[in-house]
Structure formats: C-alpha cells, structure tokens
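Student: This is the structure I have questions about; it appears just below.
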Amino acid sequence: MSATAKAKVYKIDTKEGLTAVIEEEVAVEAPTNIYLDQTHIVTLLSSPSMLSELAVGHLFSEGILREKESIRDVLVAGTDVHVRLKPEAKANLEATRLGRIVTTACGSLTNYLKVLTQANTKISSNYSVSTEEIAQMVDELNKSSRVFKATGGIHSAAIFCDRKMVAFSEDVGRHNAADKAIGACILGGAKFDRSVLVTSGRQTADIVAKAVQMGIPISVSISGPIHSGIQLAENAGLTLICFARGRRFNIYTSPERIRSPKGTQIRDES
C-alpha cells in the first residue's frame, strides 16, 4: 500500500473563482495492528510504510520491550505486524500508556497524567552538539521530507547518531514518525545516548517521553512545545529545542549540551 493517493482538487481563487480542476497527492492512513507473540498490543492509524520499524519502535518507546536481543523475528502480513519473542524473553505489557486503538489525534488527559507520573527515567548522557550542527540536522530533515512536500499532511522524524542521519521516517502521526525512526535505530544498532531526535511535530509530554524512554539526550522540533513537554524534559534532564527554523531555535531545558559558535557551552546564567 502506498503512503499517498491521488485526489481530485478544485482549485479556488477568491478573486477569480474556480481556476482549475487537477489531481494532487494526499497522505494515506491505515490501521496497523501490532501483535507481541499472540497478544494484540495496539492498533495504530498510520502511514502504511516502515511497519516493522513502527512496531519495534512503539514497543520500545512505550517501555513494553527493553532489549533488542529479546526479539526472535518481526513478520509483516498486510497491515498486521507480529513481533515474536525468544522463549526466555519477558515483556512488560502493563507499561503502555495508550489504549488498544490510537488515532493520529492528540492524546487524552488520562494519557498525559500517566506520562508525568510514570516517567522517572533520567538522561545521563553528556553528549553535545553545536548550534551549527542543529541547523544542519533540521535542514537535512526538511530536504528528506518528500511526502510532506507532496501532500502537506504528514509528519517527519529523523535520528542523528554522532551527527549522521541514521534513520528517517514520515507518517500521518507525529508519534508514529518518531516510533518508526526509533525502531529503525533499534534494528540497526544505533547508540541512543549519542543521538539527536529531530521531528516536525509539537513537543507534548508523550512525544518527549519517547526520547526519554530511549535515553536520547537531545530532542529538536520545527514546531513549538507544550508545557507538559517542557516539564517532562526538565524532570528527565533532556535538552528540548523547539522552533528550529533556519539558523534560529529556542532551547527550553538543559542548554549545556549545546555549544555556541565559539565552542563554549550554553549555560543558564540567571
């Protein structure tokens, strides 16, 4: 199944009236059913691509799985993804914050409160990058976002390990895009403690929690933060950067991981 489909569009100009009837690409979403052995974990409404990565990333970023070595194999049948574990492996099925069906809409108040109460992980990595490198990462994310450029209705996410893009994904849901990038890194063996997560979506607590869960020390977004995201990033010691556009961005928490153009760390002097 393709990530886009054709749709008839009536182009309207308020001065000229109907100007054209054309076909354009629009983003597609489909239900992806994730199973852990024989147990149905969740159904995600997502773009029908990178389904193995989506399933693995979701299971890890939600805290259900913790060790890559616990996975025996991942099988994709249509939009069903079966993650099968080795006999000795254990899963924490109580860890998930979400219900059985997750749409591309925002999370509920219940989910938000669970995130804040359950997130007790602390980021210990002192990995740092420069302001110039942040701008370069955002630029690379934008250049790679082909489906967004074609449809305008998609989110993108990338993970940079040691300043090199090692995973990229696009999805109708910002959570799914992050999960796909995380899953690609788990399957590829990237080092999360030396990584930067760069995304297009706003930074709520549930998105920040995914980076925290994986031990990613720096999270960057083109969009803005929500107070819950700032609060969780502060508590976990994660460096949260938002409104990263062009050569400008805002740092909301733990600025010491970002080096200025002169090579010095950015610190809170207040």
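Just remember, in the structure tokens the first chain shown is A, the second B, etc., residues are 1-based per chain, and ligands are 1-based in the order shown.
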What are the DSSP helix (DSSP H, G or I) residues of range 20-244 of chain A, as a PyMOL selection string?
Tutor: chain A and resi 51-61+68-70+109-118+131-144+146-151+174-188+192-194+205-214+227-236
Student: Would you list the contacts of Ala20 in chain A as number ranges by chain, taking every protein, DNA or RNA residue within 8 Å and counting only C-alpha atoms, but skipping same-chain residues closer than 4 positions in sequence?
Tutor: A: 10-12
Student: Write a file of the selected residues as a short mmCIF file (atom, residue, chain, number, x, y, z; two decimals), in the first residue's frame, keeping C-alpha atoms.
Tutor:
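The resulting file, result.cif, is shown below:
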```cif
data_model
loop_
_atom_site.label_atom_id
_atom_site.label_comp_id
_atom_site.auth_asym_id
_atom_site.auth_seq_id
_atom_site.Cartn_x
_atom_site.Cartn_y
_atom_site.Cartn_z
CA TYR A 10 -10.93 22.07 -7.27
CA LYS A 11 -8.51 24.99 -7.11
CA ILE A 12 -10.26 28.15 -5.95
#
```
Student: Which polymer residues have any atom within 10 Å of an atom of Glu132 in chain A, counting only C-alpha atoms, with same-chain residues fewer than 6 positions away left out, as a list in words?
Tutor: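 Here the answer would be Arg247, Arg248, Ile258, Arg259, Ser260 and Pro261 of chain A.
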Student: Between CA of Ile134 in chain A and CA of Glu62 in chain A, what is the spacing in Å?
Tutor: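 Value for the CA of Glu62 in chain A-CA of Ile134 in chain A distance: 26.4 Å.
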Student: Tell me which protein, DNA and RNA residues are within 7 Å of Ala190 in chain A, counting only C-alpha atoms, leaving out same-chain ones fewer than 3 positions away, and put them as a list in words.
Tutor: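 With the cut-off at 7 Å, the set is Cys161, Cys185 and Ile186 of chain A.
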Student: Restricting the calculation to only C-alpha atoms, which member of A:Phe148, A:Phe160, A:Phe192, A:Tyr35 is positioned closest to Gly215 in chain A?
Tutor: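 Of all the options, A:Phe192 lies closest to Gly215 in chain A.
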Student: Could you tell me how far CA of Asn250 in chain A sits from CA of Gly183 in chain A, in Å to one decimal place?
Tutor: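 If I compute the distance from CA of Gly183 in chain A to CA of Asn250 in chain A, I get 27.5 Å.
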Student: Check the smallest atom-to-atom distance from each of A:Ile266, A:Ala233, A:Ala157, A:Ala135 to Gln213 in chain A using only C-alpha atoms, then report the winner.
Tutor: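 Of all the options, A:Ala233 lies closest to Gln213 in chain A.
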